[in-house]
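K.L.:
Encoded as structure tokens, here's the structure I'll be asking about.
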Amino acid sequence: MRKVLTLALAVTAFATIGGTALASHSWNGYHWARTANPFTLKLGDNVTATWDSYLATTSADWTASSVLNTAIVSGSAKPRNCRPTSGRVEVCNATYGNTGWLGVAQIWASGSHITQGVVKVNDSYFDTAKYNTPAWRNLVMCQEVGHTLGLDHQDEDFDNANLGTCMDYTNDPSTNQHPNKHDYDQLETIYAHLDSTTTVGSSTGFLPDAVPSFSPADRVSRSTYRTDLGEGRTLVTYVIWAD
Ligand SMILES: [Zn+2]
Ligand SMILES: [Zn+2]
């Protein structure tokens with residue numbers, strides 16, 4: 001009896017902590033469906049040589065999580081449009097123009113299950129003196145791939161002190177180039193349950209029926225765009241703005 005009671009208390013405590021953390025730092029619980037942990041998510045490499053080492057660092061950073069691994073594989077996309085591939089993430093770079101954004105991550109979800117994702121980093125800014133630094137490249141690559149795992153930002157104030165994670169907006173990326181313990185804890189919370197189906201490596205993805213337009217005028221107020229695709233499907237777009 002005593003054992004049962006202890007277990008019940010432990011479950012209650014965990015649920016409370018989990019709920020609080022989810023509210024602060026996940027994308028409404030969006031996650032890849034899978035039947036076992038750790039699962040391995042493929043990152044399609046559509047980036048040029050300049051970005052390869054940063055993608056490798058990001059992949060290693062997130063693979064340090066106890067619940068998932070990432071594996072860099074040959075890309076299937078044309079970098080310019082970075083079309084998604086079902087069951088995995090495509091990572092692209094190009095000179096996308098003066099769009100206002102340094103990086104964009106998108107996930108397509110069916111209910112709360114992520115079915116595919118893309119990451120785009122914008123060389124129109126990374127080719128400039130301000131952003132052409134290892135610190136900026138690490139922060140943005142780490143953050144955008146982090147979004148495709150189901151993570152939100154820990155903080156969206158560019159001007160406050162760094163939290164020591166790439167999931168934190170900042171004007172000085174020096175100490176925000178990699179995940180921190182809170183990110184790994186959050187991943188453990190998001191992926192604490194198992195599913196009866198899997199979307200990792202599966203063909204359950206779908207192409208967008210609508211793509212949101214976003215404007216640099218939104219920089220102060222918006223970082224997330226949700227597009228309802230019908231039938232319980234959602235496209236979520238995450239933007240990190242250039243200064
Ligand atoms: Zn699930
Ligand atoms: Zn972001």
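Letters A, B, ... mark the chains of the structure tokens in the order given; residue numbers begin at 1 per chain; ligand numbers begin at 1, in order shown.
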Would you mind listing the residues within 6 Å of ligand 2, counting only C-alpha atoms and all ligand atoms, as a VMD selection string?
P.N.:
chain A and resid 143 to 144 153 238 to 240
K.L.:
So which residues are near ligand 1, meaning at most 10 Å away with only C-alpha atoms and all ligand atoms counted, given back as a ChimeraX atom specification?
P.N.:
/A:29-35,111-114,190-199
K.L.:
So that I can see what lies close to Glu156 of chain A, please list as a list in words the residues with an atom at most 10 Å from it, counting only C-alpha atoms and leaving out residues fewer than 3 positions away in the same chain.
P.N.:
Asp152, His153, Asp159, Asn160, Met167, Asp168, Tyr169, Thr170, Val220, Ser221, Arg222, Ser223 and Ile240 of chain A
K.L.:
Would you save the residues from that selection as a compact mmCIF listing (two decimals), in the first residue's frame, using C-alpha atoms?
P.N.:
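Done, and the output landed in selection_4.txt:
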# COMPACT_ATOMS: atom_id res chain seq x y z
CA ASP A 152 9.97 26.77 -28.38
CA HIS A 153 12.14 29.71 -27.34
CA ASP A 159 18.03 42.79 -24.88
CA ASN A 160 18.12 40.88 -21.59
CA MET A 167 16.77 28.82 -27.78
CA ASP A 168 17.13 32.36 -26.39
CA TYR A 169 16.83 35.53 -28.51
CA THR A 170 19.82 37.82 -28.07
CA VAL A 220 8.84 43.20 -32.23
CA SER A 221 5.61 41.32 -31.81
CA ARG A 222 5.71 37.98 -33.58
CA SER A 223 7.90 34.94 -33.93
CA ILE A 240 14.24 34.61 -35.97
K.L.:
Measuring between only C-alpha atoms, which one of A:Thr133, A:Thr189, A:Gln116, A:Ser110 shows the shortest distance to Val145 of chain A?
P.N.:
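Looking only at the distances to Val145 of chain A, the closest residue turns out to be A:Gln116.
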K.L.:
Looking at A:Cys82, A:Leu55, A:Ile107, A:Gly87, which one is nearest to Arg137 of chain A, with distances taken over only C-alpha atoms?
P.N.:
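Nearest to Arg137 of chain A: A:Leu55.
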K.L.:
Taking only segment 115-170 of chain A into account, list the residues labelled alpha helix (DSSP H) by DSSP (computed from the backbone), as a list in words.
P.N.:
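Answer for segment 115-170 of chain A restricted to alpha helix (DSSP H) is Asp123, Ser124, Tyr125, Phe126, Pro134, Ala135, Trp136, Arg137, Asn138, Leu139, Val140, Met141, Cys142, Gln143, Glu144, Val145, Gly146, His147 and Thr148 of chain A.
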K.L.:
Could you check how far atom CA of Ser215 of chain A sits from atom CA of Thr99 of chain A, in Å to one decimal?
P.N.:
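Atom-to-atom, atom CA of Ser215 of chain A to atom CA of Thr99 of chain A, that is 7.4 Å.
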K.L.:
When DSSP is applied to the backbone of this structure, which of segment 40-242 of chain A are assigned strand (DSSP E)? Write them out as JSON, numbers by chain.
P.N.:
{"A": [40, 41, 42, 43, 44, 45, 46, 68, 69, 70, 71, 72, 73, 74, 89, 90, 91, 92, 93, 94, 101, 102, 103, 104, 105, 106, 107, 108, 109, 110, 113, 114, 115, 116, 117, 118, 119, 120, 121, 122, 224, 225, 226, 227, 228, 229, 230, 233, 234, 235, 236, 237, 238, 239, 240, 241]}
K.L.:
Since we have the selection now, will you write its residues out, keeping C-alpha atoms, as a compact mmCIF listing (two decimals), in the first residue's frame?
P.N.:
# COMPACT_ATOMS: atom_id res chain seq x y z
CA THR A 40 16.81 8.92 -34.66
CA LEU A 41 15.68 11.87 -36.74
CA LYS A 42 17.31 12.37 -40.15
CA LEU A 43 18.55 15.86 -41.03
CA GLY A 44 18.77 16.22 -44.82
CA ASP A 45 21.94 18.14 -45.68
CA ASN A 46 21.12 20.70 -48.38
CA LEU A 68 16.69 11.33 -29.41
CA ASN A 69 19.52 11.26 -31.93
CA THR A 70 19.93 13.21 -35.13
CA ALA A 71 21.71 11.85 -38.19
CA ILE A 72 22.91 13.98 -41.10
CA VAL A 73 21.97 12.37 -44.43
CA SER A 74 22.03 13.47 -48.06
CA VAL A 89 13.90 17.40 -41.56
CA GLU A 90 15.46 19.15 -44.56
CA VAL A 91 18.09 21.80 -43.76
CA CYS A 92 18.84 24.44 -46.40
CA ASN A 93 20.77 27.64 -46.94
CA ALA A 94 20.51 30.18 -49.76
CA TRP A 101 14.70 36.82 -41.18
CA LEU A 102 18.00 35.12 -40.38
CA GLY A 103 16.42 31.73 -40.06
CA VAL A 104 13.07 29.98 -40.37
CA ALA A 105 11.91 26.62 -39.07
CA GLN A 106 8.67 25.00 -40.15
CA ILE A 107 6.91 21.91 -38.93
CA TRP A 108 3.85 20.21 -40.37
CA ALA A 109 1.81 18.50 -37.68
CA SER A 110 -1.11 16.13 -37.72
CA HIS A 113 2.47 14.81 -34.12
CA ILE A 114 5.18 16.35 -36.28
CA THR A 115 5.30 14.66 -39.71
CA GLN A 116 8.06 16.69 -41.40
CA GLY A 117 10.15 19.81 -40.91
CA VAL A 118 12.39 22.25 -42.72
CA VAL A 119 15.08 24.71 -41.65
CA LYS A 120 16.23 27.61 -43.80
CA VAL A 121 19.13 29.93 -42.97
CA ASN A 122 19.43 33.13 -44.96
CA THR A 224 5.35 32.19 -34.55
CA TYR A 225 2.77 31.70 -37.28
CA ARG A 226 0.22 28.90 -37.19
CA THR A 227 -1.57 27.99 -40.40
CA ASP A 228 -4.61 25.72 -40.10
CA LEU A 229 -4.49 23.27 -43.01
CA GLY A 230 -7.76 21.57 -42.08
CA ARG A 233 -3.33 19.54 -39.65
CA THR A 234 -1.20 22.56 -38.86
CA LEU A 235 1.80 24.27 -40.39
CA VAL A 236 3.84 26.11 -37.77
CA THR A 237 6.46 28.62 -38.86
CA TYR A 238 9.09 29.97 -36.50
CA VAL A 239 11.10 33.04 -37.44
CA ILE A 240 14.24 34.61 -35.97
CA TRP A 241 14.49 38.16 -37.20
K.L.:
Return the single residue from A:Thr57, A:Thr165, A:Gln177, A:Thr204 that is closest to Pro84 of chain A, with distances computed using only C-alpha atoms.
P.N.:
A:Thr204
K.L.:
Any idea what's packed within 7 Å of Cys166 of chain A, counting only C-alpha atoms, ignoring anything in its chain fewer than 5 positions away? Could you give it as a compact mmCIF listing (two decimals) with N, CA and C atoms, in the first residue's frame?
P.N.:
# COMPACT_ATOMS: atom_id res chain seq x y z
N LEU A 139 24.19 29.73 -33.27
CA LEU A 139 22.93 30.01 -32.59
C LEU A 139 21.74 29.73 -33.49
N CYS A 142 21.35 25.93 -34.47
CA CYS A 142 20.92 25.18 -33.29
C CYS A 142 19.46 25.48 -32.97
N GLN A 143 19.08 26.76 -33.01
CA GLN A 143 17.71 27.12 -32.65
C GLN A 143 16.68 26.57 -33.65
N ASN A 176 25.24 31.88 -26.30
CA ASN A 176 23.97 31.23 -26.65
C ASN A 176 24.11 30.34 -27.90
N GLN A 177 25.20 29.60 -28.00
CA GLN A 177 25.47 28.87 -29.24
C GLN A 177 25.02 27.42 -29.21
N HIS A 178 24.64 26.92 -28.03
CA HIS A 178 24.32 25.49 -27.87
C HIS A 178 23.11 25.34 -26.94
N PRO A 179 22.52 24.15 -26.88
CA PRO A 179 21.43 23.93 -25.92
C PRO A 179 21.97 23.99 -24.49
K.L.:
Taking only C-alpha atoms into account, which of A:Phe158, A:Phe126, A:Trp136, A:Tyr96 comes nearest Pro173 of chain A?
P.N.:
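Closest to Pro173 of chain A, using only C-alpha atoms: A:Trp136.
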